[in-house]
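One structure is given here, and the rest of the page talks about it.
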Amino acid sequence: MGVIVARSAFALGVVSLVVLIVTLGVTAAGTLCAAASCAPSEPGAASSGESIDLGEDESDGPSEREQTGAGADGPAAGPESGELLESVTPSETGVTALAKLDPGLLSAVQQAARDAETDGISLLINSGWRSAGYQARLHDEAIAEYGSEDEASKWVDSVESSAHVTGDAVDVGPYNAAEWLSRKGARYGLCQIYANEIWHFELRPDAADSGCPERLADASSAP
Ligand SMILES: [Zn+2]
């Protein structure tokens with residue numbers, strides 16, 4: 001009797017196991033099928049979404065650069081490259097690094113600097129517009145310093161993606177001025193773009209009403 005029960009239990013166990021395996025097999029096959037059928041559509045959808053954004057960015061970027069001299073990277077060093085050997089005030093518009101900034105960005109920084117002054121803070125510009133040649137040099141130097149293109153790109157954008165090259169970014173200093181602007185910049189449309197670069201600001205005109213966009217982790221996370 002005991003043996004029969006044991007055998008029955010064993011038989012039931014085997015049947016259950018077989019059912020389980022068949023079920024798992026179907027489930028696994030179903031999952032694989034679903035994944036396989038999803039795979040072509042999901043990345044396709046994502047990349048088509050990205051390509052819309054990137055398309056807009058890319059059409060803006062090169063055309064602006066072409067206006068500053070198609071094919072010419074410009075000098076890689078010296079005042080005409082936008083290199084600043086020492087900080088300047090936002091009112092020193094004679095220097096190329098400031099003269100070639102987007103006028104809206106420059107006037108926003110000038111206004112912010114006047115207000116910072118009343119708070120006892122001197123807001124200076126350490127870097128503004130940069131020639132493509134100068135940006136390329138900075139990027140190459142960063143690769144040498146950080147050991148890889150990927151790591152370097154977290155700190156110094158490539159020529160293709162740098163807002164400095166199009167005149168759409170400033171690096172401010174000293175630290176207390178950068179910190180002041182990261183807190184109060186939105187009212188001027190000035191936003192800290194990267195969490196790891198408290199000194200780097202770009203103009204986001206909507207920020208006065210809706211605040212600055214969420215910061216990206218670093219320059220390599222830019223879309
Ligand atoms: Zn910068």
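The way I read the labels, and the way they are meant: chains A, B, ... in the order of the structure tokens, residue 1 as the first residue of every chain, and ligand 1 as the first ligand shown, with later ones counted on from there.
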Where does chain A meet ligand 1 within 7 Å, residue by residue, with the nearest atom pair and distance in Å to one decimal for each, counting only C-alpha atoms and all ligand atoms, listed by chain and rising number, as JSON lines?
{"residue": "A:Ser127", "atom": "CA", "partner": "ligand 1", "partner_atom_place_in_ligand_line": "1 (Zn)", "distance": 6.9}
{"residue": "A:His164", "atom": "CA", "partner": "ligand 1", "partner_atom_place_in_ligand_line": "1 (Zn)", "distance": 6.5}
{"residue": "A:Ala169", "atom": "CA", "partner": "ligand 1", "partner_atom_place_in_ligand_line": "1 (Zn)", "distance": 6.0}
{"residue": "A:Val170", "atom": "CA", "partner": "ligand 1", "partner_atom_place_in_ligand_line": "1 (Zn)", "distance": 5.6}
{"residue": "A:Asp171", "atom": "CA", "partner": "ligand 1", "partner_atom_place_in_ligand_line": "1 (Zn)", "distance": 4.8}
{"residue": "A:Trp199", "atom": "CA", "partner": "ligand 1", "partner_atom_place_in_ligand_line": "1 (Zn)", "distance": 6.9}
{"residue": "A:His200", "atom": "CA", "partner": "ligand 1", "partner_atom_place_in_ligand_line": "1 (Zn)", "distance": 4.3}
{"residue": "A:Phe201", "atom": "CA", "partner": "ligand 1", "partner_atom_place_in_ligand_line": "1 (Zn)", "distance": 6.9}
Pick out the residues sitting within 12 Å of Pro205 of chain A, and hand them over as a short mmCIF file (atom, residue, chain, number, x, y, z; two decimals) with C-alpha atoms, in the first residue's frame; count only C-alpha atoms, and ignore anything fewer than 6 positions along from it in its own chain.
data_model
loop_
_atom_site.label_atom_id
_atom_site.label_comp_id
_atom_site.auth_asym_id
_atom_site.auth_seq_id
_atom_site.Cartn_x
_atom_site.Cartn_y
_atom_site.Cartn_z
CA GLY A 104 21.74 87.59 -25.68
CA LEU A 105 24.03 85.41 -23.57
CA ALA A 108 22.43 88.28 -19.58
CA GLY A 185 21.02 82.46 -12.79
CA ALA A 186 17.55 81.29 -13.83
CA ARG A 187 16.10 84.81 -13.50
CA TYR A 188 18.57 85.94 -16.19
CA GLY A 189 17.99 82.85 -18.29
CA LEU A 190 21.43 81.60 -17.29
CA CYS A 191 21.55 77.91 -16.47
CA GLY A 211 13.27 77.53 -14.20
CA CYS A 212 16.38 75.89 -15.55
CA PRO A 213 16.19 72.41 -17.07
#
Segment 217-222 of chain A: which residues within 10 Å, counting only C-alpha atoms, same-chain residues fewer than 5 positions away excluded, as a ChimeraX atom specification? /A:150-158,161-162,193-197
Export of the given selection (N, CA and C atoms) as a PDB file, in the first residue's frame:
ATOM      1  N   ASP A 150      36.358  58.847 -23.793  1.00  0.00           N
ATOM      2  CA  ASP A 150      35.110  58.833 -23.025  1.00  0.00           C
ATOM      3  C   ASP A 150      35.231  59.671 -21.756  1.00  0.00           C
ATOM      4  N   GLU A 151      36.321  59.470 -21.010  1.00  0.00           N
ATOM      5  CA  GLU A 151      36.500  60.186 -19.755  1.00  0.00           C
ATOM      6  C   GLU A 151      36.709  61.681 -20.034  1.00  0.00           C
ATOM      7  N   ALA A 152      37.491  61.989 -21.048  1.00  0.00           N
ATOM      8  CA  ALA A 152      37.760  63.389 -21.394  1.00  0.00           C
ATOM      9  C   ALA A 152      36.467  64.113 -21.749  1.00  0.00           C
ATOM     10  N   SER A 153      35.564  63.403 -22.427  1.00  0.00           N
ATOM     11  CA  SER A 153      34.334  64.036 -22.897  1.00  0.00           C
ATOM     12  C   SER A 153      33.389  64.400 -21.759  1.00  0.00           C
ATOM     13  N   LYS A 154      33.645  63.869 -20.572  1.00  0.00           N
ATOM     14  CA  LYS A 154      32.844  64.271 -19.411  1.00  0.00           C
ATOM     15  C   LYS A 154      33.218  65.678 -18.959  1.00  0.00           C
ATOM     16  N   TRP A 155      34.398  66.136 -19.372  1.00  0.00           N
ATOM     17  CA  TRP A 155      34.898  67.426 -18.886  1.00  0.00           C
ATOM     18  C   TRP A 155      35.082  68.453 -19.991  1.00  0.00           C
ATOM     19  N   VAL A 156      35.488  67.997 -21.148  1.00  0.00           N
ATOM     20  CA  VAL A 156      35.686  68.927 -22.267  1.00  0.00           C
ATOM     21  C   VAL A 156      34.984  68.364 -23.497  1.00  0.00           C
ATOM     22  N   ASP A 157      33.981  69.098 -23.955  1.00  0.00           N
ATOM     23  CA  ASP A 157      33.229  68.656 -25.125  1.00  0.00           C
ATOM     24  C   ASP A 157      34.111  68.587 -26.366  1.00  0.00           C
ATOM     25  N   SER A 158      33.702  67.754 -27.298  1.00  0.00           N
ATOM     26  CA  SER A 158      34.348  67.738 -28.602  1.00  0.00           C
ATOM     27  C   SER A 158      33.963  69.013 -29.346  1.00  0.00           C
ATOM     28  N   SER A 161      30.290  69.148 -30.368  1.00  0.00           N
ATOM     29  CA  SER A 161      29.211  69.315 -29.403  1.00  0.00           C
ATOM     30  C   SER A 161      29.402  70.494 -28.456  1.00  0.00           C
ATOM     31  N   SER A 162      30.521  71.223 -28.569  1.00  0.00           N
ATOM     32  CA  SER A 162      30.756  72.292 -27.593  1.00  0.00           C
ATOM     33  C   SER A 162      29.947  73.544 -27.889  1.00  0.00           C
ATOM     34  N   ILE A 193      24.401  73.832 -16.850  1.00  0.00           N
ATOM     35  CA  ILE A 193      23.908  72.731 -17.680  1.00  0.00           C
ATOM     36  C   ILE A 193      24.364  71.372 -17.156  1.00  0.00           C
ATOM     37  N   TYR A 194      25.614  71.326 -16.664  1.00  0.00           N
ATOM     38  CA  TYR A 194      26.184  70.046 -16.237  1.00  0.00           C
ATOM     39  C   TYR A 194      26.428  70.044 -14.725  1.00  0.00           C
ATOM     40  N   ALA A 195      25.998  68.967 -14.076  1.00  0.00           N
ATOM     41  CA  ALA A 195      26.143  68.887 -12.621  1.00  0.00           C
ATOM     42  C   ALA A 195      27.603  68.975 -12.189  1.00  0.00           C
ATOM     43  N   ASN A 196      28.510  68.491 -13.041  1.00  0.00           N
ATOM     44  CA  ASN A 196      29.924  68.464 -12.641  1.00  0.00           C
ATOM     45  C   ASN A 196      30.683  69.729 -13.042  1.00  0.00           C
ATOM     46  N   GLU A 197      29.979  70.691 -13.675  1.00  0.00           N
ATOM     47  CA  GLU A 197      30.659  71.924 -14.096  1.00  0.00           C
ATOM     48  C   GLU A 197      29.880  73.119 -13.564  1.00  0.00           C
TER      49      GLU A 197
END
List as a VMD selection string the protein and nucleic acid residues near Pro90 of chain A, meaning an atom at most 10 Å away when only C-alpha atoms are counted, but skip any in the same chain fewer than 4 places from it. chain A and resid 98 106 to 114 123 to 126 128 172
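Across A:Ala207, A:Leu216, A:Ile121, A:Val159, the tightest approach to Glu179 of chain A is made by A:Ile121 when counting only C-alpha atoms.
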As an MDAnalysis selection string, list the residues of segment 108-223 of chain A assigned to strand (DSSP E) by DSSP on the backbone atoms of this structure. chainID A and resid 124:127 170:173 190:192 200:203
The selected residues should be written to file as an mmCIF file, in the first residue's frame (atoms: N, CA and C atoms).
data_model
loop_
_atom_site.group_PDB
_atom_site.id
_atom_site.type_symbol
_atom_site.label_atom_id
_atom_site.label_comp_id
_atom_site.auth_asym_id
_atom_site.auth_seq_id
_atom_site.Cartn_x
_atom_site.Cartn_y
_atom_site.Cartn_z
ATOM 1 N N LEU A 124 33.393 86.959 -12.908
ATOM 2 C CA LEU A 124 34.342 87.060 -14.021
ATOM 3 C C LEU A 124 34.104 85.935 -15.026
ATOM 4 N N ILE A 125 34.616 86.131 -16.221
ATOM 5 C CA ILE A 125 34.513 85.099 -17.258
ATOM 6 C C ILE A 125 35.900 84.498 -17.493
ATOM 7 N N ASN A 126 35.966 83.199 -17.355
ATOM 8 C CA ASN A 126 37.228 82.488 -17.585
ATOM 9 C C ASN A 126 37.329 81.946 -19.004
ATOM 10 N N SER A 127 36.181 81.751 -19.633
ATOM 11 C CA SER A 127 36.172 81.265 -21.008
ATOM 12 C C SER A 127 34.830 81.584 -21.642
ATOM 13 N N VAL A 170 29.450 80.230 -21.443
ATOM 14 C CA VAL A 170 30.524 80.918 -20.718
ATOM 15 C C VAL A 170 30.904 80.089 -19.497
ATOM 16 N N ASP A 171 32.191 80.166 -19.146
ATOM 17 C CA ASP A 171 32.656 79.597 -17.888
ATOM 18 C C ASP A 171 32.946 80.769 -16.967
ATOM 19 N N VAL A 172 32.293 80.797 -15.814
ATOM 20 C CA VAL A 172 32.461 81.931 -14.909
ATOM 21 C C VAL A 172 33.284 81.539 -13.684
ATOM 22 N N GLY A 173 33.780 82.542 -13.024
ATOM 23 C CA GLY A 173 34.557 82.325 -11.817
ATOM 24 C C GLY A 173 34.616 83.639 -11.054
ATOM 25 N N LEU A 190 20.109 82.238 -17.300
ATOM 26 C CA LEU A 190 21.432 81.600 -17.294
ATOM 27 C C LEU A 190 21.368 80.309 -16.475
ATOM 28 N N CYS A 191 21.697 79.214 -17.124
ATOM 29 C CA CYS A 191 21.546 77.913 -16.474
ATOM 30 C C CYS A 191 22.849 77.134 -16.445
ATOM 31 N N GLN A 192 23.088 76.532 -15.277
ATOM 32 C CA GLN A 192 24.182 75.561 -15.177
ATOM 33 C C GLN A 192 23.669 74.295 -15.861
ATOM 34 N N HIS A 200 30.014 76.388 -15.788
ATOM 35 C CA HIS A 200 29.604 76.453 -17.201
ATOM 36 C C HIS A 200 28.119 76.823 -17.321
ATOM 37 N N PHE A 201 27.855 77.966 -17.997
ATOM 38 C CA PHE A 201 26.476 78.452 -18.121
ATOM 39 C C PHE A 201 26.110 78.684 -19.584
ATOM 40 N N GLU A 202 24.865 78.377 -19.874
ATOM 41 C CA GLU A 202 24.317 78.633 -21.207
ATOM 42 C C GLU A 202 22.988 79.360 -21.035
ATOM 43 N N LEU A 203 22.581 80.045 -22.102
ATOM 44 C CA LEU A 203 21.336 80.810 -22.057
ATOM 45 C C LEU A 203 20.148 79.897 -22.344
#
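Straight-line separation from atom CA of Tyr175 of chain A to atom CA of Ala99 of chain A: 23.7 Å.
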Mind pulling up the distance from atom CA of Ala142 of chain A to atom CA of Leu85 of chain A? 17.9 Å
To one decimal place, how far is atom CA of Ala97 of chain A from atom CA of Asp115 of chain A in Å?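 Atom CA of Asp115 of chain A lies 22.2 Å from atom CA of Ala97 of chain A.
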